[in-house]
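The file final19.cif contains mmCIF, C-alpha atoms:
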data_protein
#
loop_
_atom_site.group_PDB
_atom_site.id
_atom_site.type_symbol
_atom_site.label_atom_id
_atom_site.label_comp_id
_atom_site.auth_asym_id
_atom_site.auth_seq_id
_atom_site.Cartn_x
_atom_site.Cartn_y
_atom_site.Cartn_z
ATOM 1 C CA MET O 1 124.724 111.723 121.865
ATOM 2 C CA THR O 2 125.474 110.563 118.354
ATOM 3 C CA THR O 3 126.342 113.196 115.789
ATOM 4 C CA PRO O 4 123.521 113.645 113.263
ATOM 5 C CA SER O 5 124.404 111.941 110.026
ATOM 6 C CA SER O 6 123.422 111.465 106.440
ATOM 7 C CA THR O 7 123.953 108.498 104.152
ATOM 8 C CA THR O 8 122.866 109.646 100.740
ATOM 9 C CA THR O 9 125.044 107.804 98.191
ATOM 10 C CA THR O 10 121.841 105.876 97.481
ATOM 11 C CA PRO O 11 118.312 107.171 98.124
ATOM 12 C CA ALA O 12 117.504 107.489 101.816
ATOM 13 C CA ARG O 13 115.034 104.941 103.183
ATOM 14 C CA PHE O 14 113.798 107.163 106.023
ATOM 15 C CA LEU O 15 114.275 110.399 107.933
ATOM 16 C CA LEU O 16 115.348 109.889 111.554
ATOM 17 C CA VAL O 17 114.617 112.823 113.878
ATOM 18 C CA GLY O 18 114.761 112.386 117.617
ATOM 19 C CA ASP O 19 116.455 112.856 120.950
ATOM 20 C CA SER O 20 119.496 110.958 122.201
ATOM 21 C CA HIS O 21 117.607 107.652 121.978
ATOM 22 C CA ALA O 22 117.851 108.047 118.195
ATOM 23 C CA GLY O 23 121.625 107.670 118.500
ATOM 24 C CA PRO O 24 121.821 103.849 118.609
ATOM 25 C CA ILE O 25 119.328 103.657 115.739
ATOM 26 C CA GLY O 26 121.462 105.900 113.558
ATOM 27 C CA ARG O 27 124.678 104.091 114.478
ATOM 28 C CA ALA O 28 123.139 100.715 113.708
ATOM 29 C CA ALA O 29 121.682 101.876 110.384
ATOM 30 C CA LYS O 30 125.028 103.357 109.396
ATOM 31 C CA ALA O 31 126.902 100.180 110.373
ATOM 32 C CA ALA O 32 124.465 98.127 108.298
ATOM 33 C CA GLY O 33 124.909 100.362 105.277
ATOM 34 C CA LEU O 34 121.231 101.318 105.378
ATOM 35 C CA PRO O 35 120.792 104.691 103.649
ATOM 36 C CA PHE O 36 118.995 107.231 105.812
ATOM 37 C CA VAL O 37 119.138 110.876 106.783
ATOM 38 C CA GLY O 38 119.014 112.293 110.291
ATOM 39 C CA GLY O 39 119.855 111.497 113.883
ATOM 40 C CA PRO O 40 119.467 112.956 117.368
ATOM 41 C CA ILE O 41 119.031 116.718 117.523
ATOM 42 C CA GLY O 42 118.736 117.330 121.267
ATOM 43 C CA SER O 43 117.815 115.982 124.685
ATOM 44 C CA GLY O 44 114.557 114.184 125.382
ATOM 45 C CA ARG O 45 113.373 116.917 127.739
ATOM 46 C CA ASP O 46 113.511 119.386 124.842
ATOM 47 C CA PHE O 47 110.886 117.619 122.741
ATOM 48 C CA ASN O 48 107.833 117.296 124.951
ATOM 49 C CA ALA O 49 106.300 120.772 125.037
ATOM 50 C CA ASP O 50 106.746 124.171 123.396
ATOM 51 C CA PHE O 51 109.444 123.095 120.951
ATOM 52 C CA PHE O 52 108.036 123.839 117.495
ATOM 53 C CA ASP O 53 105.616 126.006 115.539
ATOM 54 C CA VAL O 54 103.954 125.760 112.146
ATOM 55 C CA ARG O 55 104.564 129.018 110.296
ATOM 56 C CA ASP O 56 103.283 129.578 106.777
ATOM 57 C CA ASP O 57 102.564 125.846 106.564
ATOM 58 C CA ARG O 58 106.180 125.001 107.485
ATOM 59 C CA LEU O 59 107.283 123.239 110.651
ATOM 60 C CA VAL O 60 109.900 125.287 112.506
ATOM 61 C CA PHE O 61 111.758 124.276 115.674
ATOM 62 C CA ARG O 62 111.951 127.084 118.200
ATOM 63 C CA ASP O 63 115.569 126.380 119.148
ATOM 64 C CA ALA O 64 117.758 127.859 116.406
ATOM 65 C CA GLU O 65 120.435 125.146 116.562
ATOM 66 C CA VAL O 66 117.857 122.349 116.477
ATOM 67 C CA ASP O 67 116.112 123.978 113.543
ATOM 68 C CA LYS O 68 119.445 124.317 111.725
ATOM 69 C CA LEU O 69 120.099 120.583 112.099
ATOM 70 C CA TYR O 70 116.566 119.771 110.970
ATOM 71 C CA ARG O 71 116.895 122.065 107.939
ATOM 72 C CA GLY O 72 120.140 120.305 107.064
ATOM 73 C CA PHE O 73 118.347 116.960 107.049
ATOM 74 C CA LEU O 74 115.626 118.327 104.799
ATOM 75 C CA ALA O 75 118.229 119.783 102.436
ATOM 76 C CA ASP O 76 119.907 116.381 102.209
ATOM 77 C CA LEU O 77 116.554 114.990 101.119
ATOM 78 C CA GLY O 78 115.937 117.814 98.671
ATOM 79 C CA VAL O 79 112.817 119.183 100.397
ATOM 80 C CA ASP O 80 111.856 122.310 102.343
ATOM 81 C CA ASP O 81 109.389 120.823 104.838
ATOM 82 C CA ILE O 82 108.449 117.411 106.180
ATOM 83 C CA GLY O 83 105.213 117.643 104.226
ATOM 84 C CA GLN O 84 107.263 117.146 101.073
ATOM 85 C CA LEU O 85 108.914 113.941 102.282
ATOM 86 C CA THR O 86 108.577 110.834 100.142
ATOM 87 C CA VAL O 87 110.149 108.569 102.790
ATOM 88 C CA PRO O 88 108.858 107.557 106.249
ATOM 89 C CA LEU O 89 109.591 109.608 109.345
ATOM 90 C CA VAL O 90 111.088 107.742 112.316
ATOM 91 C CA SER O 91 111.186 109.562 115.657
ATOM 92 C CA THR O 92 111.795 109.139 119.381
ATOM 93 C CA PHE O 93 110.180 112.432 120.447
ATOM 94 C CA GLY O 94 107.974 112.257 123.521
ATOM 95 C CA LEU O 95 109.171 108.830 124.596
ATOM 96 C CA SER O 96 111.886 109.652 127.114
ATOM 97 C CA ALA O 97 109.546 108.431 129.828
ATOM 98 C CA HIS O 98 112.027 108.942 132.660
ATOM 99 C CA PHE O 99 111.387 112.695 132.455
ATOM 100 C CA PHE O 100 107.661 112.141 132.975
ATOM 101 C CA ALA O 101 108.413 109.723 135.796
ATOM 102 C CA THR O 102 110.613 112.023 137.906
ATOM 103 C CA THR O 103 109.758 110.865 141.421
ATOM 104 C CA GLU O 104 109.357 114.269 143.055
ATOM 105 C CA ASN O 105 106.731 115.300 140.490
ATOM 106 C CA TRP O 106 104.319 112.640 141.768
ATOM 107 C CA HIS O 107 104.484 113.152 145.550
ATOM 108 C CA VAL O 108 101.212 115.080 145.613
ATOM 109 C CA TYR O 109 99.330 112.082 144.212
ATOM 110 C CA ARG O 110 100.620 109.570 146.762
ATOM 111 C CA THR O 111 98.763 108.339 149.803
ATOM 112 C CA GLY O 112 100.061 108.316 153.360
ATOM 113 C CA ASP O 113 101.918 105.030 152.898
ATOM 114 C CA GLY O 114 103.853 106.448 149.951
ATOM 115 C CA GLY O 115 102.000 104.486 147.302
ATOM 116 C CA PHE O 116 99.428 105.587 144.756
ATOM 117 C CA PRO O 117 95.672 105.130 145.172
ATOM 118 C CA ALA O 118 94.418 101.896 143.623
ATOM 119 C CA GLY O 119 94.041 102.290 139.877
ATOM 120 C CA PHE O 120 95.726 105.692 139.711
ATOM 121 C CA LEU O 121 98.394 104.681 137.170
ATOM 122 C CA SER O 122 95.716 103.381 134.813
ATOM 123 C CA SER O 123 93.287 106.241 135.404
ATOM 124 C CA ARG O 124 92.048 108.964 133.079
ATOM 125 C CA LEU O 125 93.640 111.518 135.404
ATOM 126 C CA PHE O 126 97.057 109.910 135.034
ATOM 127 C CA ASP O 127 96.685 109.747 131.248
ATOM 128 C CA ASP O 128 95.662 113.407 131.135
ATOM 129 C CA ILE O 129 98.685 114.449 133.211
ATOM 130 C CA VAL O 130 101.164 112.523 131.060
ATOM 131 C CA CYS O 131 99.585 113.687 127.799
ATOM 132 C CA ALA O 132 99.791 117.265 129.069
ATOM 133 C CA MET O 133 103.508 116.755 129.736
ATOM 134 C CA ALA O 134 103.996 115.320 126.223
ATOM 135 C CA ARG O 135 101.476 117.638 124.571
ATOM 136 C CA ASP O 136 103.572 119.096 121.771
ATOM 137 C CA ALA O 137 105.271 115.794 120.975
ATOM 138 C CA LEU O 138 101.793 114.407 120.381
ATOM 139 C CA VAL O 139 100.917 117.434 118.230
ATOM 140 C CA PHE O 140 104.139 116.948 116.257
ATOM 141 C CA TYR O 141 103.209 113.369 115.404
ATOM 142 C CA ARG O 142 99.621 114.298 114.546
ATOM 143 C CA HIS O 143 100.888 117.082 112.280
ATOM 144 C CA ALA O 144 103.165 114.664 110.428
ATOM 145 C CA VAL O 145 100.402 112.060 110.051
ATOM 146 C CA ASP O 146 97.957 114.710 108.834
ATOM 147 C CA LEU O 147 100.475 115.639 106.127
ATOM 148 C CA GLY O 148 100.119 112.111 104.782
ATOM 149 C CA LEU O 149 103.452 110.784 106.042
ATOM 150 C CA ARG O 150 104.124 107.297 107.245
ATOM 151 C CA VAL O 151 105.260 107.967 110.827
ATOM 152 C CA LEU O 152 106.936 105.525 113.204
ATOM 153 C CA ALA O 153 107.732 106.157 116.867
ATOM 154 C CA VAL O 154 110.276 104.033 118.712
ATOM 155 C CA MET O 155 109.603 102.941 122.282
ATOM 156 C CA PRO O 156 112.472 103.814 124.638
ATOM 157 C CA PRO O 157 115.004 101.495 126.248
ATOM 158 C CA GLN O 158 113.475 99.936 129.337
ATOM 159 C CA ARG O 159 115.889 101.648 131.689
ATOM 160 C CA VAL O 160 114.788 103.686 134.686
ATOM 161 C CA PRO O 161 117.370 106.049 136.205
ATOM 162 C CA GLY O 162 117.471 106.706 139.935
ATOM 163 C CA MET O 163 115.574 109.991 139.717
ATOM 164 C CA ALA O 164 112.515 108.289 138.220
ATOM 165 C CA ASP O 165 109.764 106.113 139.664
ATOM 166 C CA PRO O 166 109.749 102.733 137.860
ATOM 167 C CA ALA O 167 105.984 102.226 138.084
ATOM 168 C CA VAL O 168 105.302 105.704 136.713
ATOM 169 C CA PHE O 169 107.857 105.143 133.944
ATOM 170 C CA MET O 170 106.147 101.964 132.784
ATOM 171 C CA ALA O 171 102.674 103.481 132.957
ATOM 172 C CA ALA O 172 103.679 106.773 131.326
ATOM 173 C CA GLN O 173 105.286 105.164 128.295
ATOM 174 C CA GLU O 174 102.146 103.095 127.825
ATOM 175 C CA THR O 175 99.995 106.224 127.995
ATOM 176 C CA VAL O 176 102.082 107.890 125.295
ATOM 177 C CA ARG O 177 102.072 104.723 123.177
ATOM 178 C CA ARG O 178 98.288 104.564 123.234
ATOM 179 C CA ALA O 179 97.992 108.261 122.402
ATOM 180 C CA LEU O 180 100.301 107.820 119.404
ATOM 181 C CA VAL O 181 98.361 104.821 118.117
ATOM 182 C CA GLU O 182 95.185 106.899 118.325
ATOM 183 C CA ARG O 183 96.926 109.505 116.149
ATOM 184 C CA GLY O 184 97.807 107.025 113.425
ATOM 185 C CA VAL O 185 101.461 106.482 114.361
ATOM 186 C CA GLU O 186 103.119 103.067 113.965
ATOM 187 C CA ILE O 187 104.908 101.926 117.113
ATOM 188 C CA VAL O 188 108.254 100.141 117.095
ATOM 189 C CA ASP O 189 107.844 98.246 120.355
ATOM 190 C CA LEU O 190 110.549 95.718 121.234
ATOM 191 C CA ARG O 191 109.815 95.509 124.951
ATOM 192 C CA ALA O 192 108.941 91.807 124.882
ATOM 193 C CA ARG O 193 112.249 91.037 123.165
ATOM 194 C CA VAL O 194 114.672 93.239 125.095
ATOM 195 C CA THR O 195 113.611 92.857 128.725
ATOM 196 C CA ASP O 196 114.273 90.328 131.463
ATOM 197 C CA ALA O 197 111.811 88.855 133.962
ATOM 198 C CA THR O 198 111.687 92.163 135.866
ATOM 199 C CA GLY O 199 110.635 94.126 132.789
ATOM 200 C CA ARG O 200 113.955 95.975 132.643
ATOM 201 C CA GLN O 201 116.298 96.117 129.661
ATOM 202 C CA ARG O 202 118.721 93.203 129.496
ATOM 203 C CA ALA O 203 122.312 94.204 130.245
ATOM 204 C CA ALA O 204 123.521 93.040 126.835
ATOM 205 C CA LEU O 205 121.377 95.779 125.260
ATOM 206 C CA CYS O 206 122.380 98.612 127.594
ATOM 207 C CA GLU O 207 124.999 101.275 126.978
ATOM 208 C CA PRO O 208 127.654 100.685 129.665
ATOM 209 C CA ASP O 209 128.283 103.335 132.325
ATOM 210 C CA ASP O 210 125.028 105.017 131.285
ATOM 211 C CA PRO O 211 121.725 104.692 133.196
ATOM 212 C CA ILE O 212 119.374 105.576 130.345
ATOM 213 C CA HIS O 213 120.393 104.564 126.827
ATOM 214 C CA GLY O 214 120.409 101.413 124.763
ATOM 215 C CA ASN O 215 123.562 100.314 122.965
ATOM 216 C CA LEU O 216 124.439 99.440 119.390
ATOM 217 C CA ALA O 217 122.987 95.944 119.765
ATOM 218 C CA PHE O 218 119.682 97.510 120.813
ATOM 219 C CA GLY O 219 119.880 99.817 117.811
ATOM 220 C CA ARG O 220 120.415 96.828 115.536
ATOM 221 C CA LEU O 221 117.204 95.233 116.792
ATOM 222 C CA ILE O 222 115.314 98.445 116.033
ATOM 223 C CA VAL O 223 116.824 98.670 112.548
ATOM 224 C CA ALA O 224 115.888 95.036 111.902
ATOM 225 C CA ASP O 225 112.316 95.858 112.914
ATOM 226 C CA LEU O 226 112.289 98.853 110.561
ATOM 227 C CA LEU O 227 113.524 96.679 107.721
ATOM 228 C CA ALA O 228 110.862 94.081 108.479
ATOM 229 C CA ARG O 229 108.296 96.854 108.112
ATOM 230 C CA GLY O 230 109.578 97.607 104.631
ATOM 231 C CA LEU O 231 111.685 100.700 105.346
#
Exercise: express the given structure as C-alpha coordinates:
Amino acid sequence: MTTPSSTTTTPARFLLVGDSHAGPIGRAAKAAGLPFVGGPIGSGRDFNADFFDVRDDRLVFRDAEVDKLYRGFLADLGVDDIGQLTVPLVSTFGLSAHFFATTENWHVYRTGDGGFPAGFLSSRLFDDIVCAMARDALVFYRHAVDLGLRVLAVMPPQRVPGMADPAVFMAAQETVRRALVERGVEIVDLRARVTDATGRQRAALCEPDDPIHGNLAFGRLIVADLLARGL
(Lines of atoms letter the chains of each structure in order from A and count residues from 1; the text may use other names and numbers.)
(Lines give C-alpha, C1' and ligand atoms only; values in the text may rest on other atoms or scores of the structure.)
Protein backbone atom coordinates (compact mmCIF):
# COMPACT_ATOMS: atom_id res chain seq x y z
CA MET A 1 0.00 0.00 0.00
CA THR A 2 1.26 3.44 -0.90
CA THR A 3 1.92 5.86 1.93
CA PRO A 4 -0.68 8.64 1.99
CA SER A 5 0.78 11.81 0.57
CA SER A 6 0.23 15.48 0.06
CA THR A 7 1.47 17.76 -2.70
CA THR A 8 0.53 21.24 -1.63
CA THR A 9 3.22 23.59 -3.00
CA THR A 10 0.47 24.65 -5.40
CA PRO A 11 -3.27 24.34 -4.73
CA ALA A 12 -4.47 20.74 -4.67
CA ARG A 13 -6.60 19.67 -7.64
CA PHE A 14 -8.45 16.93 -5.75
CA LEU A 15 -8.71 14.93 -2.55
CA LEU A 16 -7.91 11.23 -3.00
CA VAL A 17 -9.34 8.93 -0.30
CA GLY A 18 -9.48 5.21 -0.84
CA ASP A 19 -8.22 1.71 -0.21
CA SER A 20 -5.03 0.20 -1.63
CA HIS A 21 -6.32 0.67 -5.19
CA ALA A 22 -5.78 4.40 -4.63
CA GLY A 23 -2.04 3.73 -4.39
CA PRO A 24 -1.22 3.67 -8.13
CA ILE A 25 -3.36 6.78 -8.63
CA GLY A 26 -1.44 8.69 -5.99
CA ARG A 27 1.93 7.49 -7.28
CA ALA A 28 1.06 8.47 -10.83
CA ALA A 29 -0.25 11.90 -9.81
CA LYS A 30 2.88 12.53 -7.77
CA ALA A 31 5.16 11.42 -10.63
CA ALA A 32 3.31 13.77 -12.98
CA GLY A 33 3.66 16.69 -10.60
CA LEU A 34 -0.12 16.94 -10.27
CA PRO A 35 -0.95 18.64 -6.95
CA PHE A 36 -3.34 16.62 -4.82
CA VAL A 37 -3.90 15.58 -1.24
CA GLY A 38 -4.60 12.07 0.02
CA GLY A 39 -3.98 8.43 -0.75
CA PRO A 40 -4.94 4.98 0.51
CA ILE A 41 -6.01 4.80 4.14
CA GLY A 42 -6.76 1.09 4.56
CA SER A 43 -7.76 -2.19 2.97
CA GLY A 44 -10.72 -2.53 0.63
CA ARG A 45 -12.57 -4.81 3.05
CA ASP A 46 -12.57 -1.98 5.61
CA PHE A 47 -14.65 0.40 3.51
CA ASN A 48 -17.80 -1.49 2.61
CA ALA A 49 -19.89 -1.48 5.78
CA ASP A 50 -19.87 0.04 9.26
CA PHE A 51 -16.81 2.23 8.73
CA PHE A 52 -17.98 5.79 9.35
CA ASP A 53 -20.53 7.94 11.15
CA VAL A 54 -21.80 11.49 10.76
CA ARG A 55 -21.57 13.21 14.13
CA ASP A 56 -22.59 16.82 14.59
CA ASP A 57 -22.65 17.18 10.80
CA ARG A 58 -19.05 15.91 10.53
CA LEU A 59 -17.97 12.69 8.87
CA VAL A 60 -15.92 10.54 11.25
CA PHE A 61 -14.23 7.23 10.45
CA ARG A 62 -14.75 4.64 13.17
CA ASP A 63 -11.17 3.35 13.04
CA ALA A 64 -9.01 5.84 14.95
CA GLU A 65 -5.95 5.46 12.71
CA VAL A 66 -8.00 5.85 9.53
CA ASP A 67 -9.71 8.92 10.95
CA LYS A 68 -6.32 10.39 11.90
CA LEU A 69 -5.09 10.02 8.31
CA TYR A 70 -8.31 11.51 6.97
CA ARG A 71 -8.08 14.45 9.38
CA GLY A 72 -4.52 15.03 8.21
CA PHE A 73 -5.72 15.28 4.62
CA LEU A 74 -8.41 17.77 5.60
CA ALA A 75 -5.87 19.83 7.54
CA ASP A 76 -3.63 19.95 4.47
CA LEU A 77 -6.59 21.39 2.59
CA GLY A 78 -7.43 23.84 5.35
CA VAL A 79 -10.89 22.41 6.13
CA ASP A 80 -12.54 20.51 8.99
CA ASP A 81 -14.95 18.30 7.03
CA ILE A 82 -15.43 17.12 3.47
CA GLY A 83 -18.46 19.38 3.23
CA GLN A 84 -16.06 22.33 3.19
CA LEU A 85 -14.02 21.02 0.26
CA THR A 86 -13.63 23.24 -2.79
CA VAL A 87 -11.96 20.49 -4.85
CA PRO A 88 -13.39 17.19 -6.18
CA LEU A 89 -13.31 14.00 -4.14
CA VAL A 90 -11.81 10.93 -5.84
CA SER A 91 -12.33 7.56 -4.14
CA THR A 92 -12.02 3.81 -4.59
CA PHE A 93 -14.26 2.85 -1.64
CA GLY A 94 -16.68 0.01 -2.28
CA LEU A 95 -15.04 -1.12 -5.50
CA SER A 96 -12.75 -3.91 -4.33
CA ALA A 97 -15.10 -6.35 -6.01
CA HIS A 98 -13.02 -9.42 -5.20
CA PHE A 99 -14.26 -9.22 -1.60
CA PHE A 100 -17.87 -9.36 -2.77
CA ALA A 101 -17.00 -12.20 -5.13
CA THR A 102 -15.43 -14.56 -2.57
CA THR A 103 -16.40 -17.95 -3.98
CA GLU A 104 -17.52 -19.60 -0.74
CA ASN A 105 -20.03 -16.80 -0.07
CA TRP A 106 -22.07 -17.79 -3.13
CA HIS A 107 -22.36 -21.57 -2.73
CA VAL A 108 -25.89 -21.35 -1.37
CA TYR A 109 -27.11 -19.71 -4.59
CA ARG A 110 -25.66 -22.33 -6.94
CA THR A 111 -27.57 -25.15 -8.56
CA GLY A 112 -26.63 -28.82 -8.49
CA ASP A 113 -24.22 -28.48 -11.41
CA GLY A 114 -22.27 -25.77 -9.59
CA GLY A 115 -23.51 -22.91 -11.74
CA PHE A 116 -25.98 -20.14 -10.99
CA PRO A 117 -29.63 -20.18 -12.08
CA ALA A 118 -30.17 -18.45 -15.42
CA GLY A 119 -30.25 -14.69 -14.96
CA PHE A 120 -29.15 -14.76 -11.33
CA LEU A 121 -26.12 -12.48 -11.80
CA SER A 122 -28.31 -9.84 -13.44
CA SER A 123 -31.22 -10.24 -11.04
CA ARG A 124 -32.67 -7.85 -8.48
CA LEU A 125 -31.76 -10.37 -5.78
CA PHE A 126 -28.10 -10.31 -6.79
CA ASP A 127 -28.08 -6.51 -6.88
CA ASP A 128 -29.68 -6.36 -3.44
CA ILE A 129 -27.09 -8.74 -1.98
CA VAL A 130 -24.13 -6.82 -3.40
CA CYS A 131 -25.56 -3.44 -2.40
CA ALA A 132 -26.08 -4.78 1.12
CA MET A 133 -22.41 -5.81 1.20
CA ALA A 134 -21.36 -2.34 -0.01
CA ARG A 135 -24.06 -0.48 1.92
CA ASP A 136 -21.98 2.07 3.79
CA ALA A 137 -19.69 2.75 0.84
CA LEU A 138 -22.81 3.71 -1.07
CA VAL A 139 -23.97 5.88 1.84
CA PHE A 140 -20.54 7.54 1.96
CA TYR A 141 -20.77 8.54 -1.69
CA ARG A 142 -24.37 9.74 -1.34
CA HIS A 143 -23.37 11.81 1.69
CA ALA A 144 -20.56 13.47 -0.25
CA VAL A 145 -22.80 14.17 -3.26
CA ASP A 146 -25.53 15.58 -1.01
CA LEU A 147 -22.95 18.00 0.41
CA GLY A 148 -22.58 19.44 -3.08
CA LEU A 149 -19.21 17.88 -3.88
CA ARG A 150 -18.08 16.68 -7.25
CA VAL A 151 -17.42 12.99 -6.52
CA LEU A 152 -15.60 10.50 -8.74
CA ALA A 153 -15.27 6.76 -8.11
CA VAL A 154 -12.59 4.71 -9.85
CA MET A 155 -13.41 1.25 -11.16
CA PRO A 156 -10.97 -1.40 -9.91
CA PRO A 157 -8.25 -3.21 -11.83
CA GLN A 158 -9.78 -6.10 -13.73
CA ARG A 159 -7.92 -8.71 -11.72
CA VAL A 160 -9.63 -11.62 -10.00
CA PRO A 161 -7.63 -13.43 -7.29
CA GLY A 162 -8.00 -17.16 -6.76
CA MET A 163 -10.39 -16.82 -3.82
CA ALA A 164 -12.96 -14.99 -5.95
CA ASP A 165 -15.44 -16.12 -8.60
CA PRO A 166 -14.72 -14.26 -11.87
CA ALA A 167 -18.35 -14.10 -13.00
CA VAL A 168 -19.47 -12.73 -9.64
CA PHE A 169 -16.60 -10.22 -9.67
CA MET A 170 -17.64 -8.84 -13.05
CA ALA A 171 -21.32 -8.69 -12.13
CA ALA A 172 -20.73 -7.23 -8.66
CA GLN A 173 -18.59 -4.34 -9.88
CA GLU A 174 -21.28 -3.53 -12.42
CA THR A 175 -23.93 -3.54 -9.70
CA VAL A 176 -21.91 -1.09 -7.62
CA ARG A 177 -21.19 1.08 -10.67
CA ARG A 178 -24.88 1.40 -11.45
CA ALA A 179 -25.71 2.19 -7.83
CA LEU A 180 -23.08 4.95 -7.78
CA VAL A 181 -24.36 6.48 -11.01
CA GLU A 182 -27.85 6.55 -9.49
CA ARG A 183 -26.37 8.50 -6.56
CA GLY A 184 -24.83 11.16 -8.77
CA VAL A 185 -21.24 9.88 -8.74
CA GLU A 186 -19.00 10.17 -11.81
CA ILE A 187 -17.36 6.88 -12.75
CA VAL A 188 -13.77 6.59 -13.96
CA ASP A 189 -14.17 3.43 -16.01
CA LEU A 190 -11.18 2.33 -18.09
CA ARG A 191 -12.22 -1.29 -18.54
CA ALA A 192 -12.45 -1.07 -22.33
CA ARG A 193 -8.91 0.32 -22.49
CA VAL A 194 -7.09 -1.88 -19.99
CA THR A 195 -8.41 -5.38 -20.66
CA ASP A 196 -7.60 -8.12 -23.14
CA ALA A 197 -10.00 -10.34 -25.08
CA THR A 198 -10.86 -12.28 -21.91
CA GLY A 199 -11.93 -9.15 -20.04
CA ARG A 200 -8.96 -9.37 -17.66
CA GLN A 201 -6.40 -6.64 -17.04
CA ARG A 202 -3.52 -6.66 -19.51
CA ALA A 203 -0.24 -7.78 -17.95
CA ALA A 204 1.47 -4.49 -18.79
CA LEU A 205 -0.95 -2.76 -16.38
CA CYS A 206 -0.66 -5.23 -13.51
CA GLU A 207 1.53 -4.93 -10.43
CA PRO A 208 3.98 -7.85 -10.67
CA ASP A 209 3.90 -10.61 -8.04
CA ASP A 210 0.52 -9.28 -6.88
CA PRO A 211 -2.85 -10.85 -7.81
CA ILE A 212 -5.03 -7.79 -7.23
CA HIS A 213 -3.53 -4.38 -7.94
CA GLY A 214 -2.79 -2.27 -10.97
CA ASN A 215 0.66 -0.77 -11.48
CA LEU A 216 2.01 2.71 -12.07
CA ALA A 217 1.13 2.55 -15.77
CA PHE A 218 -2.47 1.80 -14.80
CA GLY A 219 -2.38 4.73 -12.39
CA ARG A 220 -1.14 6.99 -15.18
CA LEU A 221 -4.14 6.09 -17.32
CA ILE A 222 -6.46 6.98 -14.44
CA VAL A 223 -4.69 10.29 -13.85
CA ALA A 224 -4.94 11.09 -17.56
CA ASP A 225 -8.67 10.43 -17.37
CA LEU A 226 -8.98 12.72 -14.34
CA LEU A 227 -7.13 15.46 -16.19
CA ALA A 228 -9.38 15.02 -19.21
CA ARG A 229 -12.33 15.59 -16.89
CA GLY A 230 -10.86 18.91 -15.81
CA LEU A 231 -9.38 17.93 -12.44
Computed gap from CA of Ala12 (chain O) to CA of Gly214 (chain O) is 23.9 Å
Please list, as a count of residues only, the residues that have an atom at most 7 Å away from (117.1, 121.6, 121.7) in the coordinates of this file, counting only C-alpha atoms. 6
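Counting only C-alpha atoms, the residue from O:Gly114, O:Gly119, O:Gly148, O:Gly162 that sits nearest to Gly184 (chain O) is O:Gly148.
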request  = Output the residue selection produced by the PyMOL selection byres ((chain O and resi 172) around 9) on the file above, formatted as JSON, numbers by chain.
outcome  = {"O": [95, 97, 98, 100, 101, 121, 126, 127, 130, 131, 167, 168, 169, 170, 171, 173, 174, 175, 176, 177]}
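Rounded to one decimal, CA of Val194 (chain O) and CA of Arg13 (chain O) lie 24.8 Å from each other.
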On this structure, which residues satisfy the PyMOL selection byres ((chain O and resi 143) around 12), written as an MDAnalysis selection string?
chainID O and resid 52:54 57:59 81:83 89 136:142 144:151 180 183:185
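Remark: for Arg135 (chain O), the closest of the candidate residues O:Phe218, O:Phe14, O:Tyr70, O:Phe93 is O:Phe93 (distances computed over all atoms listed in the file).
Across the chains present, the PyMOL selection byres ((chain O and resi 11) around 12) applied to this file returns Ser6, Thr7, Thr8, Thr9, Thr10, Ala12, Arg13, Phe14, Leu15, Gly33, Leu34, Pro35, Phe36, Val37, Asp76, Leu77, Gly78, Thr86, Val87 and Leu231 of chain O.
In terms of minimum interatomic distance to Ser96 (chain O), O:Ala22 ranks closest within O:Ala22, O:Ala75, O:Leu69, O:Leu226, counting all atoms listed in the file.
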In Å and to one decimal, CA of Ala192 (chain O) is distant from CA of Ala49 (chain O) by 29.1 Å
Across O:Arg45, O:His21, O:His213, O:Leu125, the smallest distance to Tyr109 (chain O), with only C-alpha atoms counted, is shown by O:Leu125
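Each of O:Ala32, O:Leu205, O:Leu221, O:Ile212 was checked against Arg159 (chain O) using all atoms listed in the file; the smallest atom-to-atom distance is that of O:Ile212.
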Residues near Arg193 (chain O), anyone? I mean within 12 Å using only C-alpha atoms, not counting same-chain ones fewer than 6 positions away, as a PyMOL selection string.
chain O and resi 157-158+199-202+205+218+221-222+225
